[in-house]
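Listing of my_file.txt; format and content: compact mmCIF, C-alpha atoms and all ligand atoms.
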```
# COMPACT_ATOMS: atom_id res chain seq x y z
CA MET A 1476 0.00 0.00 0.00
CA SER A 1477 3.02 2.25 0.29
CA GLY A 1478 3.16 5.22 -2.08
CA ARG A 1479 -0.61 5.48 -2.59
CA THR A 1480 -2.50 8.63 -1.69
CA GLN A 1481 -5.09 8.62 1.06
CA ALA A 1482 -7.80 9.41 -1.54
CA ALA A 1483 -6.80 6.42 -3.69
CA LEU A 1484 -6.86 4.21 -0.64
CA TYR A 1485 -10.32 5.35 0.41
CA ALA A 1486 -11.65 4.81 -3.13
CA GLU A 1487 -10.56 1.15 -2.91
CA ILE A 1488 -12.26 0.41 0.38
CA ASP A 1489 -15.00 -2.18 0.45
CA HIS A 1490 -17.57 -0.40 2.58
CA GLU A 1491 -19.55 -3.57 3.23
CA LEU A 1492 -16.50 -4.93 5.05
CA SER A 1493 -15.67 -1.74 6.99
CA TRP A 1494 -17.61 -0.55 10.02
CA SER A 1495 -17.51 2.54 12.15
CA GLU A 1496 -17.89 2.34 15.92
CA ARG A 1497 -21.47 3.56 15.50
CA ASP A 1498 -22.36 0.95 12.85
CA LEU A 1499 -20.91 -1.83 14.90
CA PRO A 1500 -20.69 -1.08 18.62
CA GLN A 1501 -18.68 -3.24 20.95
CA HIS A 1502 -21.60 -5.30 22.24
CA GLN A 1503 -22.27 -6.52 18.69
CA ARG A 1504 -18.60 -7.27 18.00
CA THR A 1505 -18.45 -9.28 21.20
CA LYS A 1506 -21.88 -10.92 20.93
CA HIS A 1507 -22.57 -14.26 22.65
CA VAL A 1508 -19.58 -16.62 22.69
CA HIS A 1509 -17.25 -14.22 20.90
CA ARG A 1510 -16.40 -12.78 24.31
CA LEU A 1511 -16.01 -15.96 26.35
CA HIS A 1512 -12.39 -14.90 26.75
CA PRO A 1513 -10.40 -11.90 25.42
CA TYR A 1514 -8.16 -12.68 22.47
CA LEU A 1515 -5.64 -10.38 20.84
CA GLY A 1516 -5.72 -10.65 17.04
CA LYS A 1517 -9.24 -11.97 16.40
CA PHE A 1518 -11.34 -10.61 13.61
CA VAL A 1519 -14.82 -9.20 14.13
CA PRO A 1520 -17.56 -11.82 13.71
CA GLN A 1521 -19.40 -9.62 11.21
CA LEU A 1522 -16.38 -9.78 8.89
CA ALA A 1523 -16.22 -13.57 9.14
CA GLU A 1524 -19.95 -13.71 8.50
CA ARG A 1525 -19.69 -11.63 5.30
CA LEU A 1526 -16.70 -13.54 3.97
CA LEU A 1527 -18.56 -16.79 4.59
CA THR A 1528 -21.76 -15.66 2.86
CA ARG A 1529 -19.75 -14.33 -0.08
CA SER A 1530 -17.98 -17.61 -0.67
CA LEU A 1531 -20.00 -20.54 0.73
CA ALA A 1532 -23.57 -21.82 0.99
CA ALA A 1533 -25.28 -23.57 3.89
CA GLY A 1534 -24.28 -27.24 3.90
CA GLY A 1535 -20.79 -26.44 2.51
CA VAL A 1536 -17.53 -27.02 4.38
CA VAL A 1537 -15.24 -24.17 5.40
CA TYR A 1538 -11.69 -24.62 6.67
CA ASP A 1539 -9.78 -22.13 8.83
CA PRO A 1540 -6.13 -23.27 9.12
CA PHE A 1541 -5.34 -20.55 11.71
CA ALA A 1542 -8.60 -20.66 13.60
CA GLY A 1543 -7.46 -18.75 16.73
CA SER A 1544 -10.39 -18.08 19.02
CA GLY A 1545 -12.82 -19.69 16.56
CA THR A 1546 -14.59 -16.69 15.04
CA THR A 1547 -14.92 -18.40 11.63
CA LEU A 1548 -16.21 -21.62 13.20
CA VAL A 1549 -18.87 -19.93 15.34
CA GLU A 1550 -20.17 -17.78 12.49
CA ALA A 1551 -20.11 -20.71 10.06
CA ASN A 1552 -22.17 -22.80 12.43
CA ALA A 1553 -24.74 -20.03 12.84
CA LEU A 1554 -25.05 -19.97 9.01
CA GLY A 1555 -25.45 -23.76 8.75
CA ILE A 1556 -21.98 -24.18 7.17
CA HIS A 1557 -19.88 -27.11 8.39
CA ALA A 1558 -16.53 -25.96 9.75
CA ILE A 1559 -13.05 -27.30 10.44
CA GLY A 1560 -10.54 -25.20 12.31
CA ALA A 1561 -6.89 -25.94 13.06
CA ASP A 1562 -4.72 -24.16 15.59
CA VAL A 1563 -1.37 -25.02 17.09
CA SER A 1564 -2.25 -23.45 20.45
CA ALA A 1565 -3.93 -25.78 22.98
CA PHE A 1566 -5.61 -22.87 24.73
CA ASN A 1567 -7.17 -21.61 21.49
CA CYS A 1568 -8.48 -25.12 20.76
CA LEU A 1569 -9.96 -25.38 24.26
CA LEU A 1570 -11.69 -22.02 23.79
CA MET A 1571 -13.01 -23.04 20.36
CA ARG A 1572 -14.37 -26.36 21.61
CA VAL A 1573 -16.23 -24.64 24.43
CA LYS A 1574 -17.67 -22.00 22.09
CA VAL A 1575 -19.07 -24.43 19.54
CA ALA A 1576 -20.11 -27.36 21.76
CA GLU A 1577 -23.68 -28.15 22.64
CA HIS A 1578 -23.93 -27.61 26.42
CA ASP A 1579 -26.30 -28.93 29.02
CA LEU A 1580 -26.89 -25.57 30.68
CA ALA A 1581 -28.47 -27.07 33.82
CA VAL A 1582 -25.39 -29.26 34.40
CA LEU A 1583 -23.17 -26.31 33.66
CA ARG A 1584 -24.98 -24.11 36.21
CA ARG A 1585 -24.73 -26.86 38.84
CA ASP A 1586 -21.00 -27.45 38.24
CA VAL A 1587 -20.21 -23.74 38.10
CA ASP A 1588 -21.91 -23.25 41.48
CA ARG A 1589 -19.96 -26.18 42.93
CA ALA A 1590 -16.67 -24.76 41.66
CA LEU A 1591 -17.49 -21.30 43.01
CA ALA A 1592 -18.23 -22.78 46.44
CA ALA A 1593 -14.92 -24.70 46.58
CA PRO A 1594 -12.49 -23.50 49.27
CA ALA A 1595 -9.13 -21.97 48.33
CA ALA A 1596 -6.45 -24.57 47.59
CA ASP A 1597 -2.73 -24.92 46.96
CA PRO A 1598 -1.75 -23.79 43.46
CA PRO A 1599 0.43 -25.83 41.09
CA GLU A 1600 4.18 -25.35 41.56
CA SER A 1601 5.19 -22.65 39.10
CA GLU A 1602 7.67 -19.81 39.38
CA TRP A 1603 5.71 -17.93 36.76
CA LEU A 1604 2.46 -18.14 38.75
CA ALA A 1605 4.22 -17.11 41.96
CA ARG A 1606 5.64 -14.05 40.19
CA TRP A 1607 2.40 -12.92 38.57
CA TYR A 1608 -0.20 -13.44 41.35
CA ALA A 1609 -0.88 -12.45 44.91
CA PRO A 1610 -0.97 -15.65 47.04
CA ALA A 1611 -4.69 -15.30 47.92
CA ALA A 1612 -5.64 -14.83 44.25
CA LEU A 1613 -3.74 -18.00 43.34
CA GLY A 1614 -5.51 -19.87 46.16
CA ASP A 1615 -8.92 -18.79 44.78
CA LEU A 1616 -7.99 -19.94 41.28
CA ALA A 1617 -6.60 -23.26 42.52
CA GLY A 1618 -9.75 -23.90 44.57
CA PHE A 1619 -11.98 -23.35 41.54
CA CYS A 1620 -9.71 -25.53 39.36
CA GLY A 1621 -9.94 -28.34 41.91
CA ALA A 1622 -13.63 -28.72 40.98
CA ILE A 1623 -12.88 -29.14 37.26
CA LYS A 1624 -11.93 -32.81 37.39
CA GLY A 1625 -14.96 -35.02 37.03
CA SER A 1626 -17.28 -32.28 35.74
CA ALA A 1627 -19.11 -32.95 32.47
CA GLU A 1628 -18.49 -29.27 31.78
CA ALA A 1629 -14.79 -29.42 32.68
CA GLU A 1630 -13.63 -27.50 29.61
CA THR A 1631 -16.08 -24.67 30.21
CA LEU A 1632 -14.83 -24.37 33.79
CA MET A 1633 -11.28 -24.26 32.42
CA VAL A 1634 -12.20 -21.29 30.24
CA VAL A 1635 -13.81 -19.49 33.21
CA ALA A 1636 -10.68 -20.14 35.32
CA SER A 1637 -8.47 -18.82 32.51
CA ARG A 1638 -10.46 -15.65 32.07
CA ALA A 1639 -10.36 -14.97 35.81
CA ALA A 1640 -6.65 -15.77 35.85
CA ARG A 1641 -6.09 -13.20 33.12
CA SER A 1642 -7.82 -10.48 35.13
CA ALA A 1643 -6.26 -11.47 38.45
CA ARG A 1644 -2.63 -11.15 37.30
CA LEU A 1645 -0.47 -8.50 38.92
CA ALA A 1646 -0.79 -6.51 35.69
CA ALA A 1647 -1.71 -2.86 35.33
CA HIS A 1648 -5.29 -2.41 34.05
CA HIS A 1649 -4.00 -0.54 31.01
CA ASP A 1650 -1.59 -3.33 30.18
CA LEU A 1651 -3.61 -6.55 30.25
CA ASP A 1652 -2.83 -7.55 26.64
CA MET A 1653 0.91 -7.90 26.99
CA PRO A 1654 2.09 -6.95 30.48
CA ARG A 1655 5.85 -6.77 30.83
CA SER A 1656 6.40 -6.91 34.57
CA PRO A 1657 4.16 -7.44 37.63
CA VAL A 1658 2.89 -4.43 39.58
CA ARG A 1659 3.20 -4.91 43.34
CA ALA A 1660 2.28 -1.45 44.59
CA PRO A 1661 -0.47 1.12 43.80
CA TYR A 1662 0.13 2.57 40.31
CA ALA A 1663 -1.12 5.39 38.05
CA CYS A 1664 -3.70 3.59 35.90
CA HIS A 1665 -4.02 5.03 32.36
CA LYS A 1666 -7.25 3.14 31.80
CA HIS A 1667 -9.18 4.39 34.81
CA ARG A 1668 -7.26 7.69 35.18
CA ARG A 1669 -6.67 7.20 38.86
CA THR A 1670 -4.46 5.28 41.23
CA CYS A 1671 -5.30 1.57 41.16
CA ARG A 1672 -4.10 -1.20 43.45
CA PRO A 1673 -2.66 -4.56 42.41
CA VAL A 1674 -5.21 -7.40 42.39
CA GLU A 1675 -5.27 -9.42 45.61
CA ARG A 1676 -8.08 -11.92 45.07
CA ALA A 1677 -9.63 -13.80 42.12
CA ASP A 1678 -12.96 -14.88 43.69
CA HIS A 1679 -14.96 -11.93 42.33
CA PHE A 1680 -13.58 -12.47 38.81
CA LEU A 1681 -14.48 -16.16 38.98
CA ARG A 1682 -18.06 -15.32 39.99
CA ARG A 1683 -18.50 -12.62 37.39
CA TYR A 1684 -17.06 -14.66 34.50
CA ALA A 1685 -18.83 -17.87 35.52
CA ASN A 1686 -22.20 -16.12 35.31
CA ASP A 1687 -21.26 -14.31 32.10
CA THR A 1688 -20.16 -17.59 30.51
CA VAL A 1689 -23.42 -19.38 31.30
CA GLN A 1690 -25.36 -16.48 29.82
CA ARG A 1691 -23.23 -16.26 26.67
CA LEU A 1692 -23.47 -20.00 26.01
CA ALA A 1693 -27.25 -19.79 26.42
CA GLU A 1694 -27.34 -16.93 23.90
CA PHE A 1695 -25.36 -18.89 21.34
CA ALA A 1696 -27.50 -22.00 21.93
CA ALA A 1697 -30.44 -19.97 20.57
CA VAL A 1698 -28.71 -19.46 17.17
CA ARG A 1699 -26.62 -22.64 17.03
CA THR A 1700 -27.42 -24.96 14.09
CA PRO A 1701 -26.78 -28.72 13.67
CA ALA A 1702 -23.89 -27.98 11.23
CA THR A 1703 -20.77 -29.85 12.38
CA VAL A 1704 -17.64 -28.21 13.76
CA ALA A 1705 -14.28 -29.98 14.06
CA VAL A 1706 -11.43 -28.44 16.03
CA LEU A 1707 -7.97 -29.80 15.18
CA HIS A 1708 -5.18 -29.15 17.65
CA ALA A 1709 -2.56 -29.27 14.94
CA ASP A 1710 0.12 -27.48 13.03
CA ALA A 1711 -1.73 -26.37 9.88
CA ARG A 1712 1.22 -27.65 7.83
CA ALA A 1713 0.40 -31.19 8.92
CA ALA A 1714 -3.34 -31.11 9.76
CA GLU A 1715 -5.44 -34.12 8.71
CA LEU A 1716 -8.09 -32.69 6.42
CA PRO A 1717 -11.25 -34.19 4.97
CA GLU A 1718 -11.52 -35.09 1.27
CA ARG A 1719 -13.54 -32.03 0.33
CA ILE A 1720 -13.40 -28.41 1.43
CA ASP A 1721 -15.63 -25.79 -0.20
CA GLY A 1722 -13.73 -22.72 0.92
CA ILE A 1723 -11.14 -21.26 3.28
CA VAL A 1724 -11.71 -18.23 5.48
CA THR A 1725 -8.78 -17.28 7.68
CA SER A 1726 -6.58 -14.58 9.17
CA PRO A 1727 -3.06 -15.95 9.48
CA PRO A 1728 -0.52 -14.83 12.06
CA TYR A 1729 1.81 -12.08 10.78
CA PRO A 1730 5.55 -11.93 11.51
CA GLY A 1731 6.73 -10.20 14.64
CA LEU A 1732 3.34 -9.13 16.00
CA ILE A 1733 1.92 -11.54 18.58
CA ASP A 1734 3.11 -14.58 20.52
CA TYR A 1735 -0.08 -16.59 20.62
CA HIS A 1736 0.99 -19.03 23.32
CA GLU A 1737 2.59 -16.37 25.50
CA GLN A 1738 -0.54 -14.20 25.31
CA HIS A 1739 -2.38 -16.90 27.33
CA ARG A 1740 0.57 -18.03 29.44
CA TYR A 1741 -1.56 -17.99 32.63
CA ALA A 1742 -3.80 -20.73 31.20
CA TYR A 1743 -0.85 -22.93 30.24
CA GLU A 1744 0.66 -22.57 33.72
CA LEU A 1745 -2.58 -22.98 35.69
CA LEU A 1746 -4.09 -25.82 33.65
CA ASP A 1747 -0.89 -27.51 32.49
CA LEU A 1748 -1.82 -27.29 28.80
CA ASP A 1749 0.34 -28.76 26.04
CA ASP A 1750 2.74 -26.00 24.92
CA ARG A 1751 3.72 -26.19 21.24
CA ARG A 1752 5.02 -22.66 20.83
CA GLU A 1753 7.98 -23.78 18.73
CA LEU A 1754 5.52 -24.57 15.92
CA GLU A 1755 3.93 -21.10 15.91
CA LEU A 1756 4.36 -19.33 12.57
CA GLY A 1757 5.46 -15.69 12.66
CA ALA A 1758 5.82 -15.59 16.44
CA ALA A 1759 7.02 -12.22 17.74
CA ALA A 1760 9.73 -14.08 19.65
CA ALA A 1761 11.22 -15.29 16.35
CA GLY A 1762 11.80 -11.67 15.31
CA THR A 1763 11.67 -10.19 11.84
CA ALA A 1764 15.15 -10.86 10.51
CA ARG A 1765 15.32 -12.14 6.93
CA ARG A 1766 15.58 -15.76 8.01
CA ALA A 1767 12.50 -15.49 10.24
CA ILE A 1768 10.47 -13.90 7.43
CA ASP A 1769 11.56 -16.62 4.97
CA ALA A 1770 10.55 -19.34 7.44
CA TYR A 1771 7.20 -17.62 7.95
CA CYS A 1772 6.50 -17.44 4.19
CA GLU A 1773 7.47 -21.06 3.71
CA GLY A 1774 5.26 -22.15 6.62
CA ILE A 1775 2.14 -20.24 5.56
CA ALA A 1776 2.60 -21.45 1.97
CA GLU A 1777 2.91 -25.04 3.20
CA ALA A 1778 -0.31 -24.71 5.26
CA LEU A 1779 -2.24 -23.26 2.32
CA ALA A 1780 -0.80 -25.78 -0.13
CA ARG A 1781 -1.92 -28.62 2.11
CA ALA A 1782 -5.55 -27.49 1.81
CA ARG A 1783 -5.40 -26.68 -1.90
CA GLY A 1784 -5.76 -30.25 -3.11
CA ARG A 1785 -9.01 -30.58 -1.12
CA LEU A 1786 -10.70 -27.49 -2.53
CA GLY A 1787 -13.58 -28.21 -4.90
CA ALA A 1788 -13.97 -26.52 -8.29
CA GLY A 1789 -14.72 -22.81 -7.98
CA ALA A 1790 -13.71 -22.71 -4.30
CA THR A 1791 -11.82 -19.71 -2.94
CA ALA A 1792 -9.57 -18.97 0.01
CA ALA A 1793 -10.28 -15.62 1.71
CA ILE A 1794 -7.17 -14.45 3.56
CA VAL A 1795 -7.50 -11.42 5.85
CA VAL A 1796 -4.15 -9.77 6.39
CA ASN A 1797 -2.44 -6.38 6.73
CA ASP A 1798 0.37 -7.38 4.36
CA ARG A 1799 2.61 -4.43 4.98
CA ARG A 1800 5.69 -6.44 4.08
CA GLU A 1801 4.07 -7.49 0.78
CA LEU A 1802 4.71 -11.18 1.35
CA TYR A 1803 1.44 -12.65 0.10
CA ASP A 1804 1.99 -12.53 -3.68
CA GLY A 1805 4.96 -14.82 -3.14
CA ILE A 1806 3.17 -16.98 -0.56
CA ALA A 1807 0.15 -17.49 -2.85
CA ARG A 1808 2.36 -18.42 -5.81
CA ARG A 1809 4.42 -20.80 -3.74
CA ALA A 1810 1.28 -22.49 -2.36
CA GLY A 1811 -0.20 -22.99 -5.85
CA TYR A 1812 -2.84 -20.25 -5.84
CA ALA A 1813 -3.50 -17.16 -7.92
CA ILE A 1814 -4.79 -13.98 -6.25
CA ALA A 1815 -8.12 -13.47 -8.04
CA ARG A 1816 -9.12 -10.30 -6.22
CA ARG A 1817 -8.11 -7.96 -3.41
CA ASP A 1818 -10.54 -6.08 -1.21
CA VAL A 1819 -9.42 -3.42 1.23
CA ARG A 1820 -11.20 -2.72 4.47
CA HIS A 1821 -10.81 0.09 6.92
CA VAL A 1822 -10.32 -1.17 10.46
CA ASN A 1823 -11.82 0.94 13.18
CA ARG A 1824 -9.46 1.13 16.14
CA ARG A 1825 -10.59 3.15 19.00
CA THR A 1826 -8.23 3.44 21.85
CA GLY A 1827 -4.79 3.94 23.29
CA ARG A 1828 -1.63 2.74 21.66
CA ARG A 1829 -3.49 0.92 18.88
CA ALA A 1830 -5.29 4.05 17.67
CA GLY A 1831 -4.83 5.43 14.15
CA GLU A 1832 -5.65 4.57 10.57
CA TYR A 1833 -5.36 0.90 9.82
CA PHE A 1834 -6.25 -1.07 6.72
CA GLU A 1835 -6.53 -4.76 6.05
CA GLN A 1836 -6.68 -6.60 2.77
CA ILE A 1837 -8.86 -9.52 1.95
CA LEU A 1838 -7.05 -11.63 -0.61
CA TRP A 1839 -9.29 -13.99 -2.58
CA LEU A 1840 -7.15 -16.89 -3.73
CA ARG A 1841 -8.06 -19.52 -6.31
CA PRO A 1842 -6.17 -22.78 -6.70
CA ARG A 1843 -4.03 -22.61 -9.88
CA ARG A 1844 -4.98 -25.31 -12.30
CA GLY A 1845 -2.06 -27.57 -13.05
CA ALA A 1846 -0.23 -26.65 -9.82
CA ARG A 1847 0.94 -29.81 -8.08
CA ALA A 1848 -1.46 -31.02 -5.33
CA ALA A 1849 0.09 -30.86 -1.86
C1 LIG B 1901 -4.52 -14.00 13.64
S1 LIG B 1901 -4.78 -15.40 14.65
C2 LIG B 1901 -6.35 -15.99 14.10
C3 LIG B 1901 -7.47 -15.28 14.74
C4 LIG B 1901 -8.84 -15.78 14.33
N1 LIG B 1901 -9.20 -15.34 13.01
C5 LIG B 1901 -9.89 -15.30 15.34
O1 LIG B 1901 -10.79 -14.55 14.96
O2 LIG B 1901 -9.77 -15.64 16.51
C6 LIG B 1901 -3.64 -16.56 14.01
C7 LIG B 1901 -3.64 -17.92 14.70
O3 LIG B 1901 -2.70 -18.78 14.02
C8 LIG B 1901 -2.26 -19.72 14.98
N2 LIG B 1901 -1.05 -20.40 14.46
C9 LIG B 1901 0.22 -19.96 14.43
N3 LIG B 1901 1.03 -20.89 13.87
C10 LIG B 1901 0.24 -21.94 13.54
C11 LIG B 1901 0.47 -23.21 12.92
N4 LIG B 1901 1.70 -23.60 12.56
N5 LIG B 1901 -0.58 -24.02 12.71
C12 LIG B 1901 -1.85 -23.66 13.09
N6 LIG B 1901 -2.11 -22.49 13.71
C13 LIG B 1901 -1.09 -21.64 13.92
C14 LIG B 1901 -2.04 -18.91 16.24
O4 LIG B 1901 -2.06 -19.74 17.38
C15 LIG B 1901 -3.21 -17.93 16.16
O5 LIG B 1901 -4.26 -18.39 16.94
```

If you took the structure in this file and wrote it as structure tokens, what would it be?
Amino acid sequence: MSGRTQAALYAEIDHELSWSERDLPQHQRTKHVHRLHPYLGKFVPQLAERLLTRSLAAGGVVYDPFAGSGTTLVEANALGIHAIGADVSAFNCLLMRVKVAEHDLAVLRRDVDRALAAPAADPPESEWLARWYAPAALGDLAGFCGAIKGSAEAETLMVVASRAARSARLAAHHDLDMPRSPVRAPYACHKHRRTCRPVERADHFLRRYANDTVQRLAEFAAVRTPATVAVLHADARAAELPERIDGIVTSPPYPGLIDYHEQHRYAYELLDLDDRRELELGAAAAGTARRAIDAYCEGIAEALARARGRLGAGATAAIVVNDRRELYDGIARRAGYAIARRDVRHVNRRTGRRAGEYFEQILWLRPRRGARAA
């Protein structure tokens, strides 16, 4: 996009894929299960919904190789489209499974109440937990987690515990996305514009998020369809895919921006989840040196190539990305696709350090005929 004038950029924008804060207020962007747990780097459900309706029909099968918090899967299900999502992060897969599962809400309410009534307990041994939590907060979280085993709604309780653990860290309120070091004394809070105190307990977060979770799952149950959803905890380069896929809708990681495992470190530590961070493509920790960028391009191309052989005639892959390094022409070619069309959308960012003009592209890829099947 470099070198283009602002006017030229605006003329290219697909207004159906761009929303202002007024068109699409936060409560709609975070409707039902889309806010079971915060997630840095998710796309708005309304974008997923439009990309799905532009490229697939009810009864079709969509694949999201970088499914993240499951936005594509949830919206596909609501439209009656079967969905398969892969993600290398165990926490993301847990969150996705809970979002799309059919829940027995009476059992959930009973087990949530049991977990909330559990006494504080000893936390798992972890230097990281000891550094990031006040002892009483850790005790609250460990007590709640003790009630997970044996519950038919164990995974939902795990998501509640994770969300409370995120809020109960010794992190400044204005720095919950990527806190650098624990705060152990009252601090000037940029979010609330006053002096705030470090968190001492987690019990109130557990209660609030437990109730919110039950309500959000009930709201999604009202729009949930019988379309199937499969969540694959896998590296997209090696995921086992079905014979036929009718379309891809995805937003891949981008080099140097986010560490997707590290963003939910509290859940890995508290729940002892399987950590596969070394397989993350484009992780911020890998940096943006030439070698890291080359490995990223090769990895994304491999993941897309793997799905290409399964795409039916006329199927497209919609890739949402802010390709400021202009990597995706090469990635598409390498993966055996041609870029059939590019849409540009204006992304509305409202607050703090992420404010400012921001554009994303939607690349519509078509498998190249004659390219070798992966
Ligand atoms: C931009 S996020 C996707 C967000 C998603 N669209 C949503 O709305 O939640 C990219 C995702 O790619 C995942 N990822 C990174 N490397 C991967 C790999 N090798 N295989 C599968 N998933 C991977 C990350 O864990 C992350 O969740």

Worksheet item: So how many Å separate atom CA of Ile1720 of chain A and atom CA of Val1536 of chain A, to one decimal?
Response: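 Value for the atom CA of Ile1720 of chain A-atom CA of Val1536 of chain A distance: 5.3 Å.
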
As JSON, please report the centre and edge lengths, rounded to one decimal in Å, of the axis-aligned box that holds all listed atoms of ligand LIG 1901 (chain B) with 8 Å of padding on each of the six sides.
```
{"center_x": -4.5, "center_y": -19.0, "center_z": 15.0, "size_x": 28.5, "size_y": 26.0, "size_z": 20.8}
```

Hey, which residues come within 7 Å of ligand LIG 1901 (chain B) if we count all atoms listed in the file? Could you give them as a compact mmCIF listing (two decimals) with C-alpha atoms, keeping the file's coordinate frame?
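Ended up saving to part21.txt:
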```txt
# COMPACT_ATOMS: atom_id res chain seq x y z
CA TYR A 1514 -8.16 -12.68 22.47
CA GLY A 1516 -5.72 -10.65 17.04
CA LYS A 1517 -9.24 -11.97 16.40
CA PHE A 1518 -11.34 -10.61 13.61
CA VAL A 1519 -14.82 -9.20 14.13
CA PRO A 1540 -6.13 -23.27 9.12
CA PHE A 1541 -5.34 -20.55 11.71
CA ALA A 1542 -8.60 -20.66 13.60
CA GLY A 1543 -7.46 -18.75 16.73
CA SER A 1544 -10.39 -18.08 19.02
CA GLY A 1545 -12.82 -19.69 16.56
CA THR A 1546 -14.59 -16.69 15.04
CA THR A 1547 -14.92 -18.40 11.63
CA ALA A 1561 -6.89 -25.94 13.06
CA ASP A 1562 -4.72 -24.16 15.59
CA VAL A 1563 -1.37 -25.02 17.09
CA SER A 1564 -2.25 -23.45 20.45
CA ASN A 1567 -7.17 -21.61 21.49
CA ALA A 1709 -2.56 -29.27 14.94
CA ASP A 1710 0.12 -27.48 13.03
CA ALA A 1711 -1.73 -26.37 9.88
CA ARG A 1712 1.22 -27.65 7.83
CA THR A 1725 -8.78 -17.28 7.68
CA SER A 1726 -6.58 -14.58 9.17
CA PRO A 1727 -3.06 -15.95 9.48
CA PRO A 1728 -0.52 -14.83 12.06
CA TYR A 1735 -0.08 -16.59 20.62
CA HIS A 1736 0.99 -19.03 23.32
CA LEU A 1754 5.52 -24.57 15.92
CA GLU A 1755 3.93 -21.10 15.91
CA LEU A 1756 4.36 -19.33 12.57
CA GLY A 1757 5.46 -15.69 12.66
```

Could you give me, as a tab-separated table, every segment 1566-1617 of chain A residue with an atom at most 9 Å from segment 1626-1644 of chain A, plus its closest atom pair and distance in Å to one decimal, counting all atoms listed in the file, rows ordered by chain then number?
```
residue	atom	partner	partner_atom	distance
A:Phe1566	CA	A:Val1634	CA	8.7
A:Leu1569	CA	A:Glu1630	CA	6.8
A:Leu1570	CA	A:Val1634	CA	6.5
A:Arg1572	CA	A:Glu1630	CA	8.1
A:Val1573	CA	A:Thr1631	CA	5.8
A:Lys1574	CA	A:Thr1631	CA	8.7
A:His1578	CA	A:Glu1628	CA	7.8
A:Asp1579	CA	A:Glu1628	CA	8.3
A:Val1582	CA	A:Glu1628	CA	7.4
A:Leu1583	CA	A:Glu1628	CA	5.8
A:Asp1586	CA	A:Ser1626	CA	6.6
A:Val1587	CA	A:Leu1632	CA	6.9
A:Ala1590	CA	A:Leu1632	CA	8.1
A:Leu1604	CA	A:Arg1644	CA	8.8
A:Trp1607	CA	A:Arg1644	CA	5.5
A:Tyr1608	CA	A:Arg1644	CA	5.2
A:Ala1609	CA	A:Arg1644	CA	7.9
A:Ala1612	CA	A:Ala1643	CA	6.7
A:Leu1613	CA	A:Ala1640	CA	8.3
A:Leu1616	CA	A:Ala1636	CA	6.5
A:Ala1617	CA	A:Ala1636	CA	8.8
```

Practice prompt. Go through A:Tyr1741, A:Gly1731, A:Gly1618, A:Ala1758 one by one, measure the shortest atom-to-atom distance of each to Trp1603 of chain A using all atoms listed in the file, and give the residue with the smallest value.
Written response: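 Closest residue, counting all atoms listed in the file: A:Tyr1741.
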
Worksheet item: What's the 12 Å shell around Glu1550 of chain A, counting only C-alpha atoms, without same-chain residues fewer than 2 positions away, as a PyMOL selection string?
Response: chain A and resi 1504+1506-1509+1518-1528+1533+1537+1539+1542+1544-1548+1552-1558+1571+1574-1575+1695+1698-1700+1702+1704+1724

Worksheet item: With all atoms listed in the file as the atoms that count, which of A:Gly1845, A:Gly1560, A:Pro1730, A:Pro1594 lies nearest to Ala1760 of chain A?
Response: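 Of all the options, A:Pro1730 lies closest to Ala1760 of chain A.
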
Fill in: Atomic separation - atom CA of Gly1614 of chain A relative to atom CA of Ala1596 of chain A, Å
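Computing it gives 5.0 Å between the two atoms.
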
Worksheet item: Pick the closest to Ala1792 of chain A from A:His1667, A:Arg1809, A:His1708, A:Arg1841: which is it, counting all atoms listed in the file?
Response: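 Using all atoms listed in the file, the shortest distance to Ala1792 of chain A belongs to A:Arg1841.
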
Discussion item. Using Å and a single decimal, report how far atom CA of Ala1759 of chain A sits from atom CA of Ile1733 of chain A.
Written reply: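 Those two atoms sit 5.2 Å apart.
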
Fill in: Pick from A:Ala1780, A:Ile1837, A:Ala1807, A:Leu1748 nearest to Ile1794 of chain A, counting all atoms listed in the file
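Comparing A:Ala1780, A:Ile1837, A:Ala1807, A:Leu1748 against Ile1794 of chain A, the winner is A:Ile1837.
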